[in-house]
$ cat run_13.txt   # compact mmCIF, C-alpha atoms
# COMPACT_ATOMS: atom_id res chain seq x y z
CA MET J 14 55.75 -33.60 8.13
CA THR J 15 53.48 -30.59 7.73
CA ALA J 16 51.98 -29.12 10.87
CA HIS J 17 48.22 -28.82 10.93
CA ALA J 18 47.13 -25.39 11.96
CA GLU J 19 43.98 -25.01 14.01
CA PRO J 20 41.07 -24.13 11.72
CA LEU J 21 40.17 -20.49 11.83
CA ALA J 22 36.81 -19.65 13.31
CA GLU J 23 34.19 -18.58 10.82
CA PRO J 24 33.74 -14.81 10.89
CA THR J 25 30.57 -13.80 12.61
CA ALA J 26 28.05 -12.36 10.18
CA PRO J 27 26.97 -8.84 11.01
CA ALA J 28 23.53 -8.53 12.51
CA VAL J 29 20.91 -7.83 9.88
CA PRO J 30 19.00 -4.65 10.64
CA ALA J 31 15.34 -5.05 11.51
CA PRO J 32 13.01 -4.56 8.55
CA ALA J 33 11.38 -1.20 8.08
CA PRO J 34 7.64 -0.82 8.80
CA GLY J 35 6.88 -2.00 5.29
CA GLY J 36 9.19 -4.96 5.77
CA THR J 37 11.85 -3.85 3.27
CA PRO J 38 14.75 -6.34 3.34
CA PRO J 39 18.08 -4.48 3.60
CA ARG J 40 19.86 -6.81 1.15
CA ALA J 41 17.49 -6.42 -1.80
CA PRO J 42 19.00 -4.23 -4.55
CA LEU J 43 17.13 -0.97 -5.07
CA ALA J 44 16.42 -1.85 -8.72
CA ALA J 45 14.74 -5.09 -7.64
CA ARG J 46 12.70 -3.29 -5.00
CA ALA J 47 11.59 -0.64 -7.49
CA ALA J 48 10.57 -3.34 -9.96
CA ALA J 49 8.59 -5.11 -7.24
CA GLU J 50 6.81 -1.87 -6.36
CA LEU J 51 5.98 -1.15 -10.00
CA VAL J 52 4.74 -4.67 -10.74
CA GLY J 53 2.88 -4.95 -7.44
CA THR J 54 1.08 -1.63 -7.85
CA ALA J 55 0.24 -2.45 -11.47
CA ALA J 56 -1.17 -5.82 -10.46
CA LEU J 57 -3.18 -4.26 -7.63
CA VAL J 58 -4.77 -1.67 -9.94
CA ALA J 59 -5.42 -4.34 -12.57
CA VAL J 60 -7.27 -6.36 -9.93
CA VAL J 61 -9.30 -3.35 -8.77
CA VAL J 62 -10.19 -2.09 -12.25
CA GLY J 63 -10.55 -5.50 -13.90
CA SER J 64 -12.87 -6.87 -11.21
CA GLY J 65 -14.92 -3.69 -11.45
CA ILE J 66 -15.34 -4.14 -15.20
CA GLN J 67 -16.20 -7.81 -14.79
CA ALA J 68 -18.75 -7.04 -12.08
CA THR J 69 -20.58 -4.46 -14.18
CA GLN J 70 -20.75 -6.91 -17.06
CA LEU J 71 -22.29 -9.61 -14.86
CA THR J 72 -24.87 -7.63 -12.89
CA ASP J 73 -26.61 -4.28 -12.72
CA ASP J 74 -26.90 -4.50 -8.92
CA VAL J 75 -24.47 -1.89 -7.54
CA ALA J 76 -24.21 -3.69 -4.19
CA LEU J 77 -23.16 -6.91 -5.92
CA GLN J 78 -20.74 -4.96 -8.09
CA LEU J 79 -19.07 -3.48 -4.99
CA LEU J 80 -19.05 -6.87 -3.29
CA ALA J 81 -17.32 -8.48 -6.25
CA ASN J 82 -14.86 -5.59 -6.55
CA SER J 83 -13.96 -5.60 -2.85
CA THR J 84 -13.66 -9.40 -2.64
CA ALA J 85 -11.28 -9.56 -5.59
CA THR J 86 -9.23 -6.72 -4.10
CA VAL J 87 -8.93 -8.49 -0.72
CA PHE J 88 -7.60 -11.68 -2.26
CA GLY J 89 -5.40 -9.94 -4.81
CA LEU J 90 -3.82 -7.58 -2.30
CA GLY J 91 -3.15 -10.35 0.21
CA VAL J 92 -1.39 -12.45 -2.42
CA LEU J 93 0.70 -9.50 -3.67
CA ILE J 94 1.86 -8.57 -0.15
CA ALA J 95 2.79 -12.17 0.61
CA LEU J 96 4.67 -12.51 -2.70
CA LEU J 97 6.50 -9.17 -2.92
CA GLY J 98 6.78 -8.19 0.73
CA PRO J 99 10.10 -10.04 1.11
CA VAL J 100 11.52 -8.02 -1.81
CA SER J 101 10.34 -4.44 -1.39
CA GLY J 102 8.16 -4.40 1.69
CA ALA J 103 5.08 -4.36 -0.58
CA HIS J 104 4.21 -0.71 -0.05
CA PHE J 105 2.43 -0.24 -3.41
CA ASN J 106 1.44 3.13 -1.94
CA PRO J 107 3.25 6.50 -1.87
CA ALA J 108 1.49 7.40 1.39
CA VAL J 109 3.03 4.37 3.11
CA THR J 110 6.43 5.00 1.52
CA LEU J 111 6.49 8.65 2.59
CA ALA J 112 5.32 7.74 6.09
CA GLU J 113 8.12 5.17 6.32
CA TRP J 114 10.65 7.73 5.08
CA TRP J 115 9.45 10.16 7.75
CA THR J 116 9.90 7.60 10.54
CA ALA J 117 13.39 6.77 9.23
CA ARG J 118 14.24 10.47 9.11
CA ARG J 119 13.33 10.70 12.78
CA GLY J 120 15.48 7.76 13.80
CA GLY J 121 13.29 4.78 12.98
CA ALA J 122 13.77 2.06 10.40
CA GLY J 123 12.63 2.77 6.87
CA VAL J 124 13.50 3.89 3.38
CA THR J 125 15.89 6.74 2.71
CA ALA J 126 14.97 9.86 0.73
CA ARG J 127 16.75 8.40 -2.31
CA GLU J 128 14.84 5.12 -2.02
CA ALA J 129 11.54 6.93 -1.57
CA GLY J 130 12.40 8.99 -4.65
CA VAL J 131 12.63 5.73 -6.61
CA TYR J 132 9.67 3.95 -5.01
CA VAL J 133 7.06 6.68 -5.54
CA PRO J 134 7.52 7.13 -9.34
CA ALA J 135 7.59 3.34 -9.74
CA GLN J 136 4.29 3.07 -7.86
CA ILE J 137 2.63 5.81 -9.91
CA ALA J 138 3.85 4.28 -13.18
CA GLY J 139 2.59 0.91 -12.00
CA GLY J 140 -0.82 2.34 -11.15
CA ILE J 141 -1.22 3.77 -14.65
CA ALA J 142 0.05 0.59 -16.28
CA GLY J 143 -2.37 -1.53 -14.25
CA ALA J 144 -5.38 0.51 -15.37
CA VAL J 145 -4.30 0.34 -19.02
CA LEU J 146 -3.75 -3.41 -18.71
CA ALA J 147 -7.20 -3.99 -17.21
CA ASP J 148 -8.88 -2.01 -19.99
CA ALA J 149 -6.87 -3.92 -22.59
CA MET J 150 -7.89 -7.30 -21.14
CA PHE J 151 -11.56 -6.38 -21.46
CA GLY J 152 -11.26 -4.87 -24.94
CA ARG J 153 -11.88 -1.32 -23.78
CA PRO J 154 -10.19 1.86 -25.08
CA LEU J 155 -6.77 2.37 -23.57
CA MET J 156 -6.13 5.42 -21.38
CA GLU J 157 -9.71 6.67 -21.38
CA TRP J 158 -10.16 9.46 -18.81
CA SER J 159 -12.70 8.63 -16.14
CA THR J 160 -15.89 10.69 -15.88
CA HIS J 161 -16.70 9.44 -12.36
CA ASP J 162 -16.73 12.61 -10.25
CA ARG J 163 -15.65 12.07 -6.62
CA SER J 164 -15.22 15.65 -5.44
CA ALA J 165 -17.76 15.76 -2.58
CA GLY J 166 -16.42 16.69 0.84
CA HIS J 167 -17.74 13.59 2.58
CA LEU J 168 -15.77 11.43 0.13
CA LEU J 169 -12.58 13.31 1.03
CA LEU J 170 -13.28 12.70 4.71
CA GLY J 171 -13.66 9.02 3.87
CA GLU J 172 -10.19 9.06 2.28
CA VAL J 173 -8.66 10.69 5.35
CA VAL J 174 -10.19 8.00 7.56
CA ALA J 175 -9.28 5.14 5.22
CA THR J 176 -5.63 6.20 4.85
CA ALA J 177 -5.20 7.01 8.54
CA GLY J 178 -6.46 3.54 9.42
CA LEU J 179 -4.15 1.90 6.91
CA VAL J 180 -1.06 3.72 8.20
CA LEU J 181 -2.06 3.00 11.80
CA LEU J 182 -2.40 -0.68 10.95
CA VAL J 183 0.88 -1.05 9.05
CA PHE J 184 3.03 0.86 11.51
CA GLY J 185 1.21 -0.58 14.50
CA LEU J 186 2.05 -4.08 13.27
CA ALA J 187 5.67 -2.97 12.85
CA ARG J 188 5.86 -1.46 16.35
CA THR J 189 4.52 -4.68 17.88
CA ASP J 190 6.68 -7.01 15.75
CA ARG J 191 3.70 -8.60 13.99
CA LEU J 192 4.39 -7.76 10.36
CA ARG J 193 4.02 -11.46 9.56
CA PHE J 194 0.27 -10.83 9.74
CA ALA J 195 0.42 -7.99 7.21
CA PRO J 196 -0.89 -9.90 4.13
CA ALA J 197 -4.09 -10.94 5.90
CA ALA J 198 -4.46 -7.85 8.10
CA VAL J 199 -3.92 -5.20 5.42
CA ALA J 200 -6.07 -7.00 2.85
CA SER J 201 -8.84 -7.47 5.41
CA TYR J 202 -8.72 -3.81 6.41
CA ILE J 203 -8.97 -2.60 2.81
CA GLY J 204 -11.85 -4.99 2.18
CA ALA J 205 -13.71 -3.66 5.21
CA ALA J 206 -12.92 -0.04 4.32
CA TYR J 207 -14.53 -0.55 0.91
CA TRP J 208 -17.79 -0.77 2.85
CA PHE J 209 -17.42 1.48 5.90
CA THR J 210 -15.94 4.54 4.13
CA SER J 211 -17.94 6.77 1.80
CA SER J 212 -15.11 6.84 -0.74
CA THR J 213 -14.76 3.03 -0.96
CA SER J 214 -11.22 3.42 0.40
CA PHE J 215 -8.78 4.29 -2.35
CA ALA J 216 -6.28 5.16 0.44
CA ASN J 217 -3.43 5.25 -2.08
CA PRO J 218 -2.21 8.12 -4.30
CA ALA J 219 -0.71 5.81 -6.94
CA VAL J 220 -3.90 3.77 -7.22
CA THR J 221 -5.89 7.01 -7.38
CA VAL J 222 -3.81 8.32 -10.28
CA GLY J 223 -4.06 5.00 -12.10
CA ARG J 224 -7.83 4.84 -11.71
CA ALA J 225 -8.16 8.21 -13.46
CA PHE J 226 -7.08 6.47 -16.68
CA THR J 227 -10.13 4.21 -16.90
CA ASP J 228 -13.74 5.27 -17.44
CA THR J 229 -15.16 2.27 -15.62
CA PHE J 230 -16.78 1.32 -12.30
CA ALA J 231 -13.52 1.89 -10.37
CA GLY J 232 -12.54 5.13 -12.11
CA ILE J 233 -12.12 8.62 -10.71
CA ALA J 234 -12.33 11.82 -12.76
CA PRO J 235 -8.93 13.53 -13.17
CA ALA J 236 -10.35 16.72 -11.64
CA SER J 237 -11.07 14.78 -8.43
CA VAL J 238 -7.58 13.32 -8.13
CA PRO J 239 -5.68 16.25 -6.50
CA ALA J 240 -8.15 16.57 -3.62
CA PHE J 241 -8.20 12.79 -3.12
CA VAL J 242 -4.41 12.65 -2.97
CA ALA J 243 -4.30 15.59 -0.55
CA ALA J 244 -6.84 13.83 1.68
CA GLN J 245 -4.79 10.63 1.57
CA LEU J 246 -1.59 12.43 2.57
CA ALA J 247 -3.47 14.16 5.38
CA GLY J 248 -4.72 10.75 6.48
CA ALA J 249 -1.15 9.43 6.52
CA VAL J 250 -0.17 12.27 8.87
CA VAL J 251 -3.11 11.47 11.14
CA GLY J 252 -2.18 7.78 11.08
CA LEU J 253 1.42 8.49 12.10
CA ALA J 254 0.19 10.73 14.91
CA LEU J 255 -2.05 7.92 16.16
CA VAL J 256 0.86 5.48 16.02
CA ALA J 257 2.97 7.86 18.13
CA VAL J 258 0.20 8.19 20.72
CA ILE J 259 -0.89 4.55 20.92
CA PHE J 260 2.30 2.58 20.36
CA VAL J 261 4.63 4.40 22.75
CA ARG J 262 8.16 3.01 22.89
CA GLY J 263 10.24 2.72 26.06
CA GLY J 264 9.47 4.21 29.45
CA SER J 265 7.95 2.52 32.47
CA GLU J 266 4.81 2.66 34.54
CA ALA J 267 4.73 2.34 38.34
CA GLY J 268 8.30 1.12 38.40
CA ARG J 269 7.69 -1.73 35.95
CA PRO J 270 9.49 -2.02 32.62
CA ALA J 271 7.33 -1.06 29.65
$ encode --input "run_13.txt" --output "structure tokens"
Amino acid sequence: MTAHAEPLAEPTAPAVPAPAPGGTPPRAPLAARAAAELVGTAALVAVVVGSGIQATQLTDDVALQLLANSTATVFGLGVLIALLGPVSGAHFNPAVTLAEWWTARRGGAGVTAREAGVYVPAQIAGGIAGAVLADAMFGRPLMEWSTHDRSAGHLLLGEVVATAGLVLLVFGLARTDRLRFAPAAVASYIGAAYWFTSSTSFANPAVTVGRAFTDTFAGIAPASVPAFVAAQLAGAVVGLALVAVIFVRGGSEAGRPA
């Protein structure tokens, strides 16, 4: 008669690290995350550029054109974050990726330097591909440099404000454990920033580069791109500083736990 040994207890699964500010799942392979960032950024730029082309074909009223462009962007961005957030964190934005790398470098959760080095080129390639795709869908010349000059100083200030607000929002949601609201919150913020910033809130270096490849309503002249990107990166620094000041971790006040 064979003795029955007591069944071994199932090994306890290791605790899964908390997602980074962008919500990057630790188990997703880097190749899958890079693909999600490329496809997501391409789709975002296709939405922005394509809706701009469609709007200009339907009306000559610039206010209606901007309304159509911003509305399509809100819905498109919300869907893309909800769809691809569980894979890559749905950054679609080098400013967000670099900000997340910086927080990880200083002891927070986030992407490593190697991961950021994969994410950022994928986002830029996606931005260019999205602009080319939008032009192709509307029968326009592919890779036509934009002639829409956006070099004025007040537009650069608008980009600093727009990007700072975006970084504050994303990392503020992460600090308060409310990233589940990111699809609606981030899309809503970008939709609002279309209207309250002078630059119509590009707030994204990859999207900015992509929009230089289309001479349409949403385009930006290549000569304006470097200053826009510099303003966006400056805005990301301001946003991280605001996060550090507003969302303070730990400590206590008047003897009570924080």
$ atom_distance --input "run_13.txt" --atom1 "atom CA of Gln245 of chain J" --atom2 "atom CA of Thr69 of chain J"
26.9 Å
$ residues_around --input "run_13.txt" --residues "Asn82 of chain J" --least-positions-apart "3" --cutoff "7 Å" --atoms "all atoms listed in the file" --output "PDB file with C-alpha atoms, keeping the file's coordinate frame"
ATOM      1  CA  VAL J  61      -9.300  -3.350  -8.770  1.00  0.00           C
ATOM      2  CA  SER J  64     -12.870  -6.870 -11.210  1.00  0.00           C
ATOM      3  CA  GLY J  65     -14.920  -3.690 -11.450  1.00  0.00           C
ATOM      4  CA  ALA J  68     -18.750  -7.040 -12.080  1.00  0.00           C
ATOM      5  CA  GLN J  78     -20.740  -4.960  -8.090  1.00  0.00           C
ATOM      6  CA  LEU J  79     -19.070  -3.480  -4.990  1.00  0.00           C
ATOM      7  CA  ALA J  85     -11.280  -9.560  -5.590  1.00  0.00           C
ATOM      8  CA  THR J  86      -9.230  -6.720  -4.100  1.00  0.00           C
TER       9      THR J  86
END
$ closest_residue --input "run_13.txt" --among "J:Ala56, J:Thr210, J:Thr229, J:Val109" --to "Pro154 of chain J" --atoms "only C-alpha atoms"
J:Thr229
$ closest_residue --input "run_13.txt" --among "J:Leu90, J:Val100, J:Leu77, J:Ala129" --to "Pro42 of chain J" --atoms "only C-alpha atoms"
J:Val100
$ atom_distance --input "run_13.txt" --atom1 "atom CA of Ala117 of chain J" --atom2 "atom CA of Ala135 of chain J"
20.1 Å
